[in-house]
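Okay, query-v2.txt now, which holds compact mmCIF, C-alpha atoms:
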```txt
# COMPACT_ATOMS: atom_id res chain seq x y z
CA MET A 1 11.98 -10.28 -1.82
CA ALA A 2 8.71 -10.55 -3.70
CA ARG A 3 6.18 -7.76 -3.52
CA MET A 4 4.16 -7.15 -0.38
CA LYS A 5 0.63 -8.50 -0.69
CA PHE A 6 -2.60 -8.71 1.27
CA ILE A 7 -5.15 -11.45 0.94
CA CYS A 8 -8.19 -12.28 3.02
CA ASP A 9 -9.21 -15.92 3.33
CA ALA A 10 -13.02 -15.76 3.29
CA GLU A 11 -13.20 -19.34 4.60
CA ARG A 12 -11.67 -18.13 7.87
CA CYS A 13 -12.88 -14.55 8.36
CA ILE A 14 -15.42 -14.42 11.21
CA GLU A 15 -16.27 -10.71 10.90
CA CYS A 16 -14.80 -9.89 14.31
CA ASN A 17 -13.44 -6.54 13.07
CA GLY A 18 -10.20 -7.10 14.97
CA CYS A 19 -8.27 -5.92 11.89
CA VAL A 20 -10.30 -2.70 11.72
CA THR A 21 -9.74 -2.01 15.41
CA ALA A 22 -6.02 -2.82 15.20
CA CYS A 23 -5.60 -0.43 12.26
CA LYS A 24 -7.52 2.42 13.87
CA ASN A 25 -5.63 2.03 17.13
CA GLU A 26 -2.16 1.62 15.61
CA HIS A 27 -2.40 4.68 13.39
CA GLU A 28 -4.79 6.78 15.49
CA VAL A 29 -7.03 7.12 12.45
CA PRO A 30 -9.63 9.88 12.95
CA TRP A 31 -13.33 9.25 13.38
CA GLY A 32 -15.08 8.71 10.05
CA VAL A 33 -12.01 7.37 8.25
CA ASN A 34 -11.77 3.61 7.80
CA ARG A 35 -8.57 2.45 6.20
CA ARG A 36 -9.83 -1.11 6.60
CA ARG A 37 -13.30 -2.54 6.98
CA VAL A 38 -15.00 -5.91 6.94
CA VAL A 39 -17.61 -6.55 4.25
CA THR A 40 -20.10 -9.40 4.62
CA LEU A 41 -21.70 -10.92 1.56
CA ASN A 42 -25.16 -12.51 1.90
CA ASP A 43 -25.38 -11.33 5.49
CA GLY A 44 -27.67 -13.51 7.61
CA VAL A 45 -28.03 -16.15 4.93
CA PRO A 46 -26.48 -19.56 5.72
CA GLY A 47 -23.07 -19.70 4.06
CA GLU A 48 -22.44 -15.94 4.31
CA LYS A 49 -18.88 -14.85 3.67
CA SER A 50 -16.91 -11.97 5.13
CA VAL A 51 -13.80 -10.33 3.75
CA SER A 52 -11.54 -7.69 5.21
CA VAL A 53 -10.97 -4.93 2.65
CA ALA A 54 -8.42 -2.13 2.43
CA CYS A 55 -5.99 -0.82 -0.16
CA MET A 56 -4.69 -3.91 -1.99
CA HIS A 57 -1.51 -2.16 -3.15
CA CYS A 58 -2.31 -3.15 -6.73
CA SER A 59 0.42 -4.16 -9.14
CA ASP A 60 -1.00 -1.74 -11.73
CA ALA A 61 -2.75 0.69 -9.41
CA PRO A 62 -5.64 2.64 -10.99
CA CYS A 63 -5.35 5.38 -8.35
CA MET A 64 -1.81 6.12 -9.55
CA ALA A 65 -3.02 6.24 -13.15
CA VAL A 66 -5.78 8.80 -12.56
CA CYS A 67 -4.14 11.12 -10.00
CA PRO A 68 -3.87 14.55 -11.69
CA VAL A 69 -1.06 15.73 -9.40
CA ASN A 70 0.95 12.49 -9.37
CA CYS A 71 0.97 12.21 -5.59
CA PHE A 72 1.27 8.42 -5.57
CA TYR A 73 4.46 6.41 -5.60
CA LYS A 74 5.38 2.79 -5.13
CA THR A 75 8.12 1.48 -2.89
CA ASP A 76 10.60 -1.23 -3.88
CA GLU A 77 8.42 -3.68 -1.96
CA GLY A 78 5.38 -2.83 -4.11
CA VAL A 79 3.58 -0.78 -1.47
CA VAL A 80 1.46 2.03 -2.98
CA LEU A 81 1.88 5.19 -0.93
CA HIS A 82 0.99 8.84 -1.45
CA ASP A 83 2.29 12.25 -0.52
CA LYS A 84 -0.31 14.26 1.39
CA ASP A 85 1.62 17.47 0.74
CA VAL A 86 0.93 17.00 -2.97
CA CYS A 87 -2.62 15.57 -2.79
CA ILE A 88 -5.35 18.08 -3.65
CA GLY A 89 -8.24 15.95 -2.38
CA CYS A 90 -9.98 15.81 -5.77
CA GLY A 91 -11.33 12.29 -5.21
CA TYR A 92 -10.45 10.81 -8.61
CA CYS A 93 -8.59 7.96 -6.89
CA SER A 94 -11.74 7.14 -4.96
CA TYR A 95 -13.71 6.69 -8.18
CA ALA A 96 -10.93 4.64 -9.79
CA CYS A 97 -10.27 2.27 -6.89
CA PRO A 98 -12.14 -1.05 -7.20
CA PHE A 99 -11.85 -1.61 -3.44
CA GLY A 100 -13.08 1.75 -2.12
CA ALA A 101 -9.79 2.24 -0.33
CA PRO A 102 -9.25 6.03 -0.54
CA GLN A 103 -10.85 7.83 2.37
CA PHE A 104 -11.61 11.52 2.69
CA PRO A 105 -11.80 13.03 6.16
CA SER A 106 -14.62 15.51 6.62
CA GLN A 107 -12.42 17.90 8.59
CA GLY A 108 -9.09 19.30 7.49
CA THR A 109 -7.34 21.51 5.02
CA PHE A 110 -9.98 21.31 2.32
CA GLY A 111 -13.11 21.38 4.44
CA VAL A 112 -15.61 18.74 3.46
CA ARG A 113 -13.16 16.91 1.24
CA GLY A 114 -9.80 16.70 2.98
CA LYS A 115 -6.61 15.14 1.73
CA MET A 116 -6.93 11.50 0.88
CA ASP A 117 -6.07 8.91 3.51
CA LYS A 118 -5.64 5.19 2.93
CA CYS A 119 -3.95 2.04 4.14
CA THR A 120 -0.17 2.35 3.95
CA PHE A 121 0.60 -1.34 4.54
CA CYS A 122 1.96 0.08 7.81
CA ALA A 123 4.80 1.63 5.78
CA GLY A 124 4.27 5.30 6.67
CA GLY A 125 4.85 7.90 3.99
CA PRO A 126 7.50 10.14 2.44
CA GLU A 127 8.39 11.83 5.73
CA GLU A 128 11.40 10.60 7.69
CA ASN A 129 10.92 7.01 8.87
CA GLY A 130 9.51 6.88 12.37
CA SER A 131 9.24 10.66 12.72
CA GLN A 132 6.36 12.45 14.43
CA ALA A 133 5.45 14.11 11.11
CA GLU A 134 5.17 10.72 9.45
CA PHE A 135 3.01 9.38 12.26
CA GLU A 136 0.65 12.35 12.21
CA LYS A 137 0.12 12.21 8.46
CA TYR A 138 0.33 8.51 7.65
CA GLY A 139 0.48 6.52 10.88
CA ARG A 140 3.10 4.22 12.28
CA ASN A 141 5.84 2.80 10.04
CA ARG A 142 5.82 -0.80 11.22
CA LEU A 143 7.70 -2.16 8.22
CA ALA A 144 10.67 0.01 9.13
CA GLU A 145 10.44 -1.42 12.65
CA GLY A 146 10.73 -4.94 11.25
CA LYS A 147 7.05 -5.71 11.80
CA LEU A 148 4.17 -6.66 9.51
CA PRO A 149 0.87 -4.77 9.17
CA ALA A 150 -1.01 -4.62 12.48
CA CYS A 151 -4.29 -5.83 10.94
CA ALA A 152 -2.80 -9.15 9.81
CA GLU A 153 -0.74 -9.65 12.94
CA MET A 154 -3.85 -9.08 15.08
CA CYS A 155 -6.17 -11.29 13.00
CA SER A 156 -7.52 -13.90 15.43
CA THR A 157 -8.22 -16.60 12.83
CA LYS A 158 -5.29 -15.72 10.54
CA ALA A 159 -7.79 -15.07 7.76
CA LEU A 160 -5.96 -11.89 6.80
CA LEU A 161 -2.48 -12.57 5.48
CA ALA A 162 0.06 -9.86 4.75
CA GLY A 163 3.70 -9.75 3.80
CA ASP A 164 5.96 -11.17 1.13
CA GLY A 165 3.74 -12.37 -1.73
CA ASP A 166 5.56 -15.68 -2.10
CA VAL A 167 5.08 -16.55 1.57
CA VAL A 168 1.42 -15.41 1.47
CA ALA A 169 0.82 -17.68 -1.53
CA ASP A 170 2.58 -20.61 0.17
CA ILE A 171 0.52 -20.26 3.34
CA LEU A 172 -2.77 -20.13 1.43
CA ARG A 173 -1.80 -22.97 -0.91
CA ASN A 174 -1.01 -25.18 2.07
CA ARG A 175 -4.38 -24.36 3.66
CA VAL A 176 -6.32 -25.07 0.49
CA VAL A 177 -4.57 -28.43 0.09
CA GLN A 178 -5.21 -29.36 3.72
CA ARG A 179 -8.90 -28.45 3.81
CA GLY A 180 -9.66 -29.18 0.16
CA LYS A 181 -11.59 -25.99 -0.63
CA GLY A 182 -11.52 -22.20 -0.67
CA ALA A 183 -8.91 -21.48 -3.30
CA GLU A 184 -10.85 -18.43 -4.52
CA VAL A 185 -9.42 -15.28 -3.01
CA TRP A 186 -11.56 -12.19 -3.28
CA GLY A 187 -9.80 -9.30 -4.98
CA TRP A 188 -6.59 -11.17 -5.86
CA GLY A 189 -7.09 -11.07 -9.64
CA THR A 190 -8.28 -7.46 -9.56
CA ALA A 191 -5.37 -6.21 -7.49
CA TYR A 192 -2.48 -8.28 -8.72
CA GLY A 193 -3.57 -9.32 -12.22
CA LYS A 194 -5.08 -12.59 -13.34
CA GLN A 195 -2.73 -15.45 -14.09
CA GLU A 196 -4.28 -16.00 -17.54
CA ARG A 197 -3.70 -12.36 -18.48
CA LYS A 198 -0.06 -12.62 -17.42
CA GLN A 199 0.35 -15.74 -19.54
CA GLU A 200 -1.25 -13.97 -22.52
CA GLN A 201 1.15 -11.04 -22.11
CA HIS A 202 4.06 -13.45 -21.87
CA GLN A 203 2.97 -15.21 -25.06
CA GLU A 204 2.49 -11.87 -26.86
CA ARG A 205 6.02 -10.84 -25.90
CA ALA A 206 7.38 -14.19 -27.07
CA ARG A 207 5.59 -13.77 -30.42
CA GLU A 208 6.97 -10.25 -30.84
CA GLY A 209 10.42 -11.59 -30.01
CA THR A 210 10.23 -14.23 -32.76
CA LYS A 211 9.00 -11.66 -35.33
CA SER A 212 11.90 -9.26 -34.77
CA MET B 213 26.48 49.47 -30.34
CA LYS B 214 23.03 50.98 -29.94
CA ARG B 215 21.51 47.87 -31.57
CA ILE B 216 23.34 45.56 -29.16
CA SER B 217 22.24 47.52 -26.10
CA ILE B 218 18.61 47.42 -27.32
CA LEU B 219 18.94 43.67 -27.82
CA VAL B 220 20.34 43.15 -24.32
CA ALA B 221 17.67 45.38 -22.77
CA THR B 222 14.94 43.47 -24.63
CA MET B 223 16.35 40.17 -23.39
CA VAL B 224 16.39 41.39 -19.79
CA VAL B 225 12.81 42.67 -20.04
CA LEU B 226 11.54 39.47 -21.65
CA THR B 227 13.34 37.32 -19.08
CA ALA B 228 11.52 39.18 -16.36
CA CYS B 229 8.24 38.32 -18.06
CA GLY B 230 9.16 34.63 -18.25
CA GLU B 231 6.94 32.05 -16.62
CA LYS B 232 7.91 30.38 -13.42
CA PRO B 233 7.93 26.58 -13.49
CA GLN B 234 4.44 25.33 -12.68
CA ALA B 235 5.22 21.69 -12.05
CA LEU B 236 3.41 20.40 -8.99
CA GLY B 237 6.50 18.60 -7.87
CA LEU B 238 7.09 14.88 -7.65
CA PRO B 239 6.50 13.11 -4.36
CA LYS B 240 9.37 13.30 -1.97
CA SER B 241 11.79 10.45 -2.00
CA ASP B 242 11.06 7.96 0.74
CA ALA B 243 13.73 6.18 2.75
CA PRO B 244 13.57 2.40 2.29
CA ALA B 245 11.88 0.44 5.07
CA TYR B 246 15.00 -1.62 5.76
CA ALA B 247 16.79 1.60 6.79
CA GLY B 248 14.85 1.37 10.06
CA THR B 249 13.46 4.11 12.26
CA GLY B 250 16.06 4.33 15.00
CA SER B 251 13.22 3.71 17.43
CA THR B 252 13.50 1.41 20.42
CA PHE B 253 10.20 -0.19 19.37
CA ALA B 254 11.86 -2.01 16.46
CA ALA B 255 11.57 -5.78 16.46
CA PRO B 256 14.87 -7.46 17.43
CA GLY B 257 16.71 -9.91 15.19
CA TRP B 258 17.84 -7.73 12.29
CA LYS B 259 20.14 -4.77 11.76
CA ALA B 260 18.85 -1.46 10.37
CA GLY B 261 20.31 -0.81 6.93
CA ASP B 262 20.85 -4.49 6.13
CA LYS B 263 18.28 -5.25 3.43
CA THR B 264 18.83 -9.02 3.38
CA ALA B 265 18.56 -9.31 7.16
CA TRP B 266 15.35 -7.24 7.12
CA GLU B 267 13.81 -9.40 4.39
CA GLN B 268 14.73 -12.65 6.12
CA HIS B 269 13.44 -11.33 9.42
CA LEU B 270 10.06 -10.37 7.89
CA LYS B 271 9.72 -13.74 6.15
CA ALA B 272 10.47 -15.60 9.38
CA ARG B 273 8.03 -13.39 11.29
CA GLN B 274 5.37 -14.03 8.64
CA GLN B 275 5.82 -17.80 8.85
CA SER B 276 5.78 -17.87 12.63
CA SER B 277 2.86 -15.49 13.09
CA GLN B 278 0.61 -16.29 10.13
CA ASN B 279 1.23 -19.90 9.14
CA ASP B 280 -0.59 -21.85 11.82
CA TYR B 281 0.10 -25.16 10.04
CA SER B 282 3.85 -24.73 10.55
CA ARG B 283 3.29 -23.71 14.18
CA MET B 284 1.08 -26.68 15.01
CA ASN B 285 2.85 -29.41 13.05
```

Serialized structure, structure tokens:
Amino acid sequence: MARMKFICDAERCIECNGCVTACKNEHEVPWGVNRRRVVTLNDGVPGEKSVSVACMHCSDAPCMAVCPVNCFYKTDEGVVLHDKDVCIGCGYCSYACPFGAPQFPSQGTFGVRGKMDKCTFCAGGPEENGSQAEFEKYGRNRLAEGKLPACAEMCSTKALLAGDGDVVADILRNRVVQRGKGAEVWGWGTAYGKQERKQEQHQERAREGTKS
Amino acid sequence: MKRISILVATMVVLTACGEKPQALGLPKSDAPAYAGTGSTFAAPGWKAGDKTAWEQHLKARQQSSQNDYSRMN
């Protein structure tokens, strides 16, 4: 299986906030914490665009790089998760994240800055799969129930796609071909790496291989 | 003999003064998603613990629920 990916098709998003509601309901996320939100660009101007934003589970996640206590880990499916028992709520991940994904509840262990909370791709956390402890800390583990993230499954226009990266790419490619526009996907290059950069790295490796 | 006993005593004293490990501890290991939850809420059509079945099930679910072109055509 390829890595799990999110993308939001801005040509389809109608800013209904169904994804936000689905997420909050599924995981019983506390008031003030938004694991997912809808951002509208050029609001009120003809041609405005909306995108649903949450943790993009980056291929080279900056939150993982800056965490001083190494509370992050990545699953085999490429989902970036964190251990709340290790998190100290310092907020470095919040500054590093280009998507504003890390959230800090105002009530909890550390007072005004509680332990970080973020989208888990509906994959829970390090506690036992499906346990009450996992639900209370990280929310429901839908992946382990054979389901996809609630936000994407609830999306009324299927603007938000989630799941195996190859299938996500196939679905979007088909749409773009059919409608003839909207190939740009907000956040894709930032989260998963630009194609040109990957090609450059590949060429660099090939050059190094020929030298040695 | 006296020298050896002093050496042993010194070692014991210094060991007591040794630092405890201060590592913050790595995140706990997480069970893979394909292991399932044992819950009755699991989607039918795959067997917990079977990675291939889980992957195929998720891909099929993704196509049927998110690819409206394949559903309509």

Chain B residues within 12 Å of chain A, counting all atoms listed in the file: which ones, as a PDB file with C-alpha atoms, in the frame of the given file?
```pdb
ATOM      1  CA  GLN B 234       4.440  25.330 -12.680  1.00  0.00           C
ATOM      2  CA  ALA B 235       5.220  21.690 -12.050  1.00  0.00           C
ATOM      3  CA  LEU B 236       3.410  20.400  -8.990  1.00  0.00           C
ATOM      4  CA  GLY B 237       6.500  18.600  -7.870  1.00  0.00           C
ATOM      5  CA  LEU B 238       7.090  14.880  -7.650  1.00  0.00           C
ATOM      6  CA  PRO B 239       6.500  13.110  -4.360  1.00  0.00           C
ATOM      7  CA  LYS B 240       9.370  13.300  -1.970  1.00  0.00           C
ATOM      8  CA  SER B 241      11.790  10.450  -2.000  1.00  0.00           C
ATOM      9  CA  ASP B 242      11.060   7.960   0.740  1.00  0.00           C
ATOM     10  CA  ALA B 243      13.730   6.180   2.750  1.00  0.00           C
ATOM     11  CA  PRO B 244      13.570   2.400   2.290  1.00  0.00           C
ATOM     12  CA  ALA B 245      11.880   0.440   5.070  1.00  0.00           C
ATOM     13  CA  TYR B 246      15.000  -1.620   5.760  1.00  0.00           C
ATOM     14  CA  ALA B 247      16.790   1.600   6.790  1.00  0.00           C
ATOM     15  CA  GLY B 248      14.850   1.370  10.060  1.00  0.00           C
ATOM     16  CA  THR B 249      13.460   4.110  12.260  1.00  0.00           C
ATOM     17  CA  GLY B 250      16.060   4.330  15.000  1.00  0.00           C
ATOM     18  CA  SER B 251      13.220   3.710  17.430  1.00  0.00           C
ATOM     19  CA  THR B 252      13.500   1.410  20.420  1.00  0.00           C
ATOM     20  CA  PHE B 253      10.200  -0.190  19.370  1.00  0.00           C
ATOM     21  CA  ALA B 254      11.860  -2.010  16.460  1.00  0.00           C
ATOM     22  CA  ALA B 255      11.570  -5.780  16.460  1.00  0.00           C
ATOM     23  CA  PRO B 256      14.870  -7.460  17.430  1.00  0.00           C
ATOM     24  CA  GLY B 257      16.710  -9.910  15.190  1.00  0.00           C
ATOM     25  CA  TRP B 258      17.840  -7.730  12.290  1.00  0.00           C
ATOM     26  CA  LYS B 259      20.140  -4.770  11.760  1.00  0.00           C
ATOM     27  CA  ALA B 260      18.850  -1.460  10.370  1.00  0.00           C
ATOM     28  CA  GLY B 261      20.310  -0.810   6.930  1.00  0.00           C
ATOM     29  CA  ASP B 262      20.850  -4.490   6.130  1.00  0.00           C
ATOM     30  CA  LYS B 263      18.280  -5.250   3.430  1.00  0.00           C
ATOM     31  CA  THR B 264      18.830  -9.020   3.380  1.00  0.00           C
ATOM     32  CA  ALA B 265      18.560  -9.310   7.160  1.00  0.00           C
ATOM     33  CA  TRP B 266      15.350  -7.240   7.120  1.00  0.00           C
ATOM     34  CA  GLU B 267      13.810  -9.400   4.390  1.00  0.00           C
ATOM     35  CA  GLN B 268      14.730 -12.650   6.120  1.00  0.00           C
ATOM     36  CA  HIS B 269      13.440 -11.330   9.420  1.00  0.00           C
ATOM     37  CA  LEU B 270      10.060 -10.370   7.890  1.00  0.00           C
ATOM     38  CA  LYS B 271       9.720 -13.740   6.150  1.00  0.00           C
ATOM     39  CA  ALA B 272      10.470 -15.600   9.380  1.00  0.00           C
ATOM     40  CA  ARG B 273       8.030 -13.390  11.290  1.00  0.00           C
ATOM     41  CA  GLN B 274       5.370 -14.030   8.640  1.00  0.00           C
ATOM     42  CA  GLN B 275       5.820 -17.800   8.850  1.00  0.00           C
ATOM     43  CA  SER B 276       5.780 -17.870  12.630  1.00  0.00           C
ATOM     44  CA  SER B 277       2.860 -15.490  13.090  1.00  0.00           C
ATOM     45  CA  GLN B 278       0.610 -16.290  10.130  1.00  0.00           C
ATOM     46  CA  ASN B 279       1.230 -19.900   9.140  1.00  0.00           C
ATOM     47  CA  ASP B 280      -0.590 -21.850  11.820  1.00  0.00           C
ATOM     48  CA  TYR B 281       0.100 -25.160  10.040  1.00  0.00           C
ATOM     49  CA  SER B 282       3.850 -24.730  10.550  1.00  0.00           C
ATOM     50  CA  ARG B 283       3.290 -23.710  14.180  1.00  0.00           C
TER      51      ARG B 283
END
```

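Distance-wise, CA of Leu41 (chain A) and CA of Ile14 (chain A) end up 12.0 Å apart.
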
* Would you mind listing what lies within 12 Å of Val66 (chain A) as a list in words, with all atoms listed in the file counted and same-chain residues fewer than 5 positions away left out? => Asp60, Ala61, Cys71, Phe72, Cys90, Gly91, Tyr92, Cys93, Ser94, Tyr95, Ala96 and Cys97 of chain A

* To do: Tell me which protein, DNA and RNA residues are within 9 Å of region 28-35 of chain A, counting all atoms listed in the file, leaving out same-chain ones fewer than 3 positions away, and put them as number ranges by chain.
  => A: 20, 23-25, 53-55, 101-106, 117-120, 135-136, 138-140

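CA of Thr21 (chain A) is found 22.6 Å from CA of Ala133 (chain A).
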
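Between CA of Lys137 (chain A) and CA of Val80 (chain A) the separation is 15.4 Å.
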